[in-house]
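Enquirer: A single structure is presented below for examination.
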Amino acid sequence: MAKMYYEKDCDLSYLDGKKIAIIGYGSQGHAHAMNLKDSGCDVCVGLRQGSKNWANAEKAGLQVKTVEEAAQWGDIVMILINDEVQAEVYKKSIAPNLSSGNMLMFAHGFNIRYQQIVPPADVDVVMIAPKGPGHTVRSTYVNGKGVPCLIAVEQNATGDAYKLGLAYAAGIGGARGGVMETTFHDETETDLFGEQAILCGGVVELMKLGFETLVEAGYEPENAYFECIHEMKLIIDLINKGGVAAMNYSISDTAEYGEYVSGPRVLPYEETKKNMKAVLKDIQDGTFAGKWIAENKNGRTFFNSMRANLAKHQMETVGAELRKNMIWGGDTDLDTASN
Ligand code: NDP
Ligand code: MG
Ligand code: MG
């Protein structure tokens with residue numbers, strides 16, 4: 001069983017007198033910075049010159065410095081910029097400003113796991129990876145809850161890496177949900193697998209194919225949107241709350257029977273498992289990482305064309321219209337940061 005830590009196992013006071021530099025103010029950056037500030041920590045945000053988020057962070061009452069200044073200022077430097085630019089920014093602006101005994105932090109292990117960043121031996125290297133989007137890290141904290149986190153220690157140069165890491169997890173509210181101990185290796189591989197096979201890749205493909213199947217059969221696209229896309233969250237909320245049993249309790253027996261007979265038809269067991277194993281293998285042997293690094297070096301042609309095509313898909317355009325007219329005016333959670 002994995003080792004779990006909760007608030008009682010974390011001592012926020014280890015962060016007393018520690019300066020925490022949060023590099024980046026996107027999805028995770030704004031949430032970590034604001035939660036830590038509200039937890040009483042000494043925080044500053046590090047941004048590139050001319051960043052559109054400079055004013056947003058200041059408006060939130062945070063002090064803002066350039067990436068170089070923040071890395072220099074911080075005893076703890078948490079890197080919350082896009083994974084694909086971290087290595088470059090680290091080499092240019094962070095590494096020259098790290099001091100012996102500092103703690104370098106990540107929210108995802110990609111750059112350490114695939115050796116894009118190789119920190120000096122005299123700093124702690126710790127990951128606190130929230131298992132949820134940044135905007136949820138903020139909204140749950142404000143509501144007295146928290147997004148569960150993973151903790152991993154790659155280097156424990158000072159001997160304090162665990163207690164500081166756990167204090168940080170408590171500071172962003174993660175310890176309220178639970179902090180699971182893992183390694184950079186396992187976090188990176190499971191995170192990439194989860195988002196590719198299930199959470200993002202799998203779910204989007206499933207919804208898109210379902211939507212298209214209904215529309216191609218002549219049903220209204222609005223109906224297809226409600227059925228295949230809108231309801232997904234309602235169903236997932238039930239599973240999130242009480243497991244598949246809670247969903248099955250809430251849905252009709254007809255729906256549950258359909259689940260058993262048609263689920264495996266849509267996702268044939270042997271074939272789907274085989275494909276999932278192939279996706280995992282590409283992650284484990286570095287094939288996926290190599291392709292993603294190359295895609296970024298080559299101007300993201302594939303990535304950009306896929307994004308543009310998806311934006312034009314009818315499930316997106318119909319959905320945007322329907323959400324606009326929902327009485328609560330759609331989801332405002334995403335407005336907290338402007339990225
Ligand atoms: P975002 O894309 O939301 O944030 C990007 C931030 O990085 C922005 O503030 C942006 O600056 C800054 N940035 C980008 N390029 C540069 C650059 N060249 N120099 C300086 N700053 C730059 O990132 P996320 O919050 O999604 O991801 C941050 C980390 O958290 C990643 O390691 C990710 O894997 C991890 N993570 C993310 C989750 C999520 O919910 N998104 C979940 C769990 C982990 P500017 O403000 O100027 O645009
Ligand atoms: Mg991820
Ligand atoms: Mg139904």
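Chain labels run A, B, ... following the order of the structure tokens; each chain numbers its residues from 1, and ligands are numbered from 1 in the order shown.
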List all protein, DNA and RNA residues that have an atom no more than 10 Å from any atom of ligand 3, counting only C-alpha atoms and all ligand atoms, and report them as a list of chain:residue names.
Expert: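 Listing the residues within 10 Å of ligand 3 gives A:Phe226, A:Glu227, A:Cys228, A:Glu231, A:Ile251, A:Ser252, A:Thr254, A:Ala255.
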Enquirer: List all protein, DNA and RNA residues that have an atom no more than 12 Å from any atom of ligand 2, counting only C-alpha atoms and all ligand atoms, and report them as number ranges by chain.
Expert: A: 27-28, 82-84, 106-110, 129-134, 187-201
Enquirer: Using C-alpha atoms, can you write the selected residues to a file as a CSV table (one decimal), in the first residue's frame?
Expert:
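out_22.csv written:
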chain,number,residue,atom,x,y,z
A,27,SER,CA,-3.2,27.0,-14.2
A,28,GLN,CA,-1.1,25.7,-11.3
A,82,ASN,CA,4.8,24.5,-19.3
A,83,ASP,CA,6.8,21.3,-19.2
A,84,GLU,CA,8.1,21.7,-22.7
A,106,PHE,CA,8.1,20.5,-9.7
A,107,ALA,CA,4.4,19.6,-10.1
A,108,HIS,CA,5.2,17.0,-12.7
A,109,GLY,CA,8.3,14.8,-13.2
A,110,PHE,CA,8.7,15.0,-17.0
A,129,ALA,CA,1.9,17.2,-7.9
A,130,PRO,CA,-1.7,18.0,-7.4
A,131,LYS,CA,-4.0,15.4,-9.0
A,132,GLY,CA,-6.3,17.9,-10.5
A,133,PRO,CA,-6.4,21.1,-12.6
A,134,GLY,CA,-4.9,24.3,-11.1
A,187,GLU,CA,4.5,9.9,-11.2
A,188,THR,CA,5.7,10.8,-14.7
A,189,GLU,CA,4.8,7.5,-16.3
A,190,THR,CA,1.4,7.1,-14.6
A,191,ASP,CA,0.5,10.8,-15.2
A,192,LEU,CA,1.3,10.6,-18.9
A,193,PHE,CA,-0.6,7.3,-19.2
A,194,GLY,CA,-3.6,8.6,-17.3
A,195,GLU,CA,-4.0,11.7,-19.4
A,196,GLN,CA,-3.3,9.9,-22.7
A,197,ALA,CA,-5.3,6.7,-22.3
A,198,ILE,CA,-8.1,7.8,-20.1
A,199,LEU,CA,-8.6,11.4,-18.9
A,200,CYS,CA,-7.9,13.5,-22.0
A,201,GLY,CA,-7.1,11.2,-24.9
Enquirer: Tell me which of A:Ser305, A:Gln314, A:Asn325, A:Ser51 sits closest to ligand 1, counting only C-alpha atoms and all ligand atoms.
Expert: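 Residue with the minimum atom-to-atom distance to ligand 1: A:Ser51.
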Enquirer: Given the choices A:Met1, A:Ile20, A:Cys41, A:Val137, which gets closest to ligand 1 if the distance is worked out from only C-alpha atoms and all ligand atoms?
Expert: A:Val137
Enquirer: Quick one: DSSP strand (DSSP E or B) residues in stretch 120-196 of chain A, as a PyMOL selection string?
Expert: chain A and resi 124-130+149-155+179-182
Enquirer: Just list the residues in stretch 97-294 of chain A DSSP gives helix (DSSP H, G or I) on the backbone, as JSON, numbers by chain.
Expert: {"A": [97, 110, 111, 112, 113, 134, 135, 136, 137, 138, 139, 140, 141, 142, 161, 162, 163, 164, 165, 166, 167, 168, 169, 170, 171, 174, 175, 176, 177, 184, 185, 186, 187, 188, 189, 190, 191, 192, 193, 194, 195, 196, 197, 198, 199, 201, 202, 203, 204, 205, 206, 207, 208, 209, 210, 211, 212, 213, 214, 215, 216, 221, 222, 223, 224, 225, 226, 227, 228, 229, 230, 231, 232, 233, 234, 235, 236, 237, 238, 239, 240, 241, 242, 243, 244, 245, 246, 247, 248, 249, 250, 253, 254, 255, 256, 257, 258, 259, 260, 261, 262, 263, 264, 265, 266, 269, 270, 271, 272, 273, 274, 275, 276, 277, 278, 279, 280, 281, 282, 283, 284, 287, 288, 289, 290, 291, 292, 293, 294]}
Enquirer: Just to be explicit: take each residue in the selection above, keep C-alpha atoms, and write the result as a compact mmCIF listing (two decimals), in the first residue's frame.
Expert:
# COMPACT_ATOMS: atom_id res chain seq x y z
CA ASN A 97 20.40 31.65 -9.44
CA PHE A 110 8.69 14.96 -16.97
CA ASN A 111 11.91 16.99 -17.08
CA ILE A 112 13.62 15.06 -14.30
CA ARG A 113 12.40 11.63 -15.50
CA GLY A 134 -4.91 24.28 -11.10
CA HIS A 135 -8.23 26.06 -11.03
CA THR A 136 -9.63 23.25 -8.88
CA VAL A 137 -6.56 23.46 -6.62
CA ARG A 138 -7.63 27.05 -5.97
CA SER A 139 -11.41 26.61 -5.78
CA THR A 140 -11.27 23.60 -3.44
CA TYR A 141 -8.78 25.40 -1.16
CA VAL A 142 -11.11 28.39 -0.90
CA ALA A 161 13.22 17.55 1.80
CA TYR A 162 10.31 15.45 3.08
CA LYS A 163 9.18 17.74 5.87
CA LEU A 164 9.45 20.83 3.65
CA GLY A 165 7.67 19.09 0.81
CA LEU A 166 4.84 17.97 3.07
CA ALA A 167 4.57 21.48 4.54
CA TYR A 168 4.26 22.83 0.99
CA ALA A 169 1.54 20.27 0.23
CA ALA A 170 -0.33 21.42 3.33
CA GLY A 171 0.15 25.05 2.27
CA GLY A 174 -3.31 19.16 -0.76
CA ALA A 175 -2.91 17.50 2.65
CA ARG A 176 -6.64 17.99 3.28
CA GLY A 177 -7.26 15.49 0.47
CA PHE A 184 9.45 11.11 -10.09
CA HIS A 185 9.71 7.99 -12.25
CA ASP A 186 6.31 6.57 -11.32
CA GLU A 187 4.50 9.93 -11.20
CA THR A 188 5.67 10.84 -14.68
CA GLU A 189 4.77 7.53 -16.26
CA THR A 190 1.38 7.14 -14.56
CA ASP A 191 0.47 10.79 -15.16
CA LEU A 192 1.28 10.58 -18.86
CA PHE A 193 -0.57 7.28 -19.17
CA GLY A 194 -3.64 8.56 -17.34
CA GLU A 195 -3.98 11.70 -19.42
CA GLN A 196 -3.31 9.92 -22.70
CA ALA A 197 -5.28 6.70 -22.35
CA ILE A 198 -8.13 7.83 -20.10
CA LEU A 199 -8.58 11.38 -18.87
CA GLY A 201 -7.12 11.20 -24.92
CA GLY A 202 -9.53 8.41 -24.05
CA VAL A 203 -12.42 10.54 -22.81
CA VAL A 204 -12.32 13.09 -25.64
CA GLU A 205 -12.15 10.36 -28.28
CA LEU A 206 -15.03 8.50 -26.65
CA MET A 207 -17.22 11.60 -26.45
CA LYS A 208 -16.35 12.69 -29.98
CA LEU A 209 -17.13 9.29 -31.51
CA GLY A 210 -20.37 9.05 -29.55
CA PHE A 211 -21.42 12.54 -30.63
CA GLU A 212 -20.62 11.80 -34.28
CA THR A 213 -22.44 8.46 -34.20
CA LEU A 214 -25.67 10.10 -33.04
CA VAL A 215 -25.42 13.09 -35.39
CA GLU A 216 -24.60 10.88 -38.40
CA PRO A 221 -26.51 17.77 -32.42
CA GLU A 222 -27.80 19.51 -29.28
CA ASN A 223 -29.23 16.21 -28.11
CA ALA A 224 -25.94 14.46 -28.93
CA TYR A 225 -24.06 17.12 -26.95
CA PHE A 226 -26.23 16.70 -23.85
CA GLU A 227 -26.08 12.91 -24.03
CA CYS A 228 -22.42 12.30 -24.87
CA ILE A 229 -20.66 15.34 -23.44
CA HIS A 230 -22.65 17.33 -20.91
CA GLU A 231 -23.73 14.28 -18.91
CA MET A 232 -20.17 13.01 -18.59
CA LYS A 233 -19.46 15.30 -15.66
CA LEU A 234 -22.65 14.37 -13.85
CA ILE A 235 -21.80 10.69 -14.14
CA ILE A 236 -18.17 11.21 -13.14
CA ASP A 237 -19.25 13.25 -10.10
CA LEU A 238 -21.19 10.23 -8.85
CA ILE A 239 -18.23 7.88 -9.40
CA ASN A 240 -15.96 10.42 -7.73
CA LYS A 241 -18.23 10.53 -4.72
CA GLY A 242 -19.01 6.87 -4.17
CA GLY A 243 -17.33 4.71 -6.78
CA VAL A 244 -19.02 2.99 -9.71
CA ALA A 245 -21.55 1.56 -7.23
CA ALA A 246 -22.82 5.07 -6.44
CA MET A 247 -23.31 5.74 -10.13
CA ASN A 248 -25.06 2.42 -10.65
CA TYR A 249 -27.28 3.17 -7.67
CA SER A 250 -28.28 6.50 -9.17
CA ASP A 253 -31.26 -0.57 -14.05
CA THR A 254 -31.73 -0.23 -17.81
CA ALA A 255 -28.67 2.01 -17.96
CA GLU A 256 -26.71 -0.38 -15.76
CA TYR A 257 -27.65 -3.38 -17.95
CA GLY A 258 -26.56 -1.37 -21.02
CA GLU A 259 -23.29 -0.59 -19.26
CA TYR A 260 -22.55 -4.33 -18.92
CA VAL A 261 -23.55 -5.38 -22.44
CA SER A 262 -22.40 -2.41 -24.54
CA GLY A 263 -19.33 -1.05 -22.70
CA PRO A 264 -17.19 -4.02 -23.73
CA ARG A 265 -18.54 -3.81 -27.30
CA VAL A 266 -17.37 -0.22 -27.62
CA TYR A 269 -11.32 -5.97 -23.73
CA GLU A 270 -8.33 -7.67 -25.38
CA GLU A 271 -7.80 -5.10 -28.10
CA THR A 272 -8.21 -2.07 -25.84
CA LYS A 273 -5.86 -3.56 -23.23
CA LYS A 274 -3.31 -4.31 -25.95
CA ASN A 275 -3.51 -0.71 -27.22
CA MET A 276 -3.24 0.69 -23.71
CA LYS A 277 -0.13 -1.43 -23.07
CA ALA A 278 1.42 -0.06 -26.27
CA VAL A 279 0.73 3.52 -25.12
CA LEU A 280 2.34 2.71 -21.75
CA LYS A 281 5.38 1.15 -23.42
CA ASP A 282 5.99 4.31 -25.49
CA ILE A 283 5.89 6.32 -22.26
CA GLN A 284 8.22 3.95 -20.41
CA THR A 287 9.32 7.23 -27.33
CA PHE A 288 6.48 9.57 -26.40
CA ALA A 289 8.81 12.06 -24.64
CA GLY A 290 11.15 12.08 -27.65
CA LYS A 291 8.27 12.79 -30.04
CA TRP A 292 6.89 15.60 -27.87
CA ILE A 293 10.30 17.24 -27.48
CA ALA A 294 10.82 17.02 -31.27
Enquirer: Restricting the calculation to only C-alpha atoms and all ligand atoms: of A:Val179, A:Met127, A:Val89, A:Ala320, which residue gets closest to ligand 1?
Expert: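 Selected residue with least distance to ligand 1: A:Val89.
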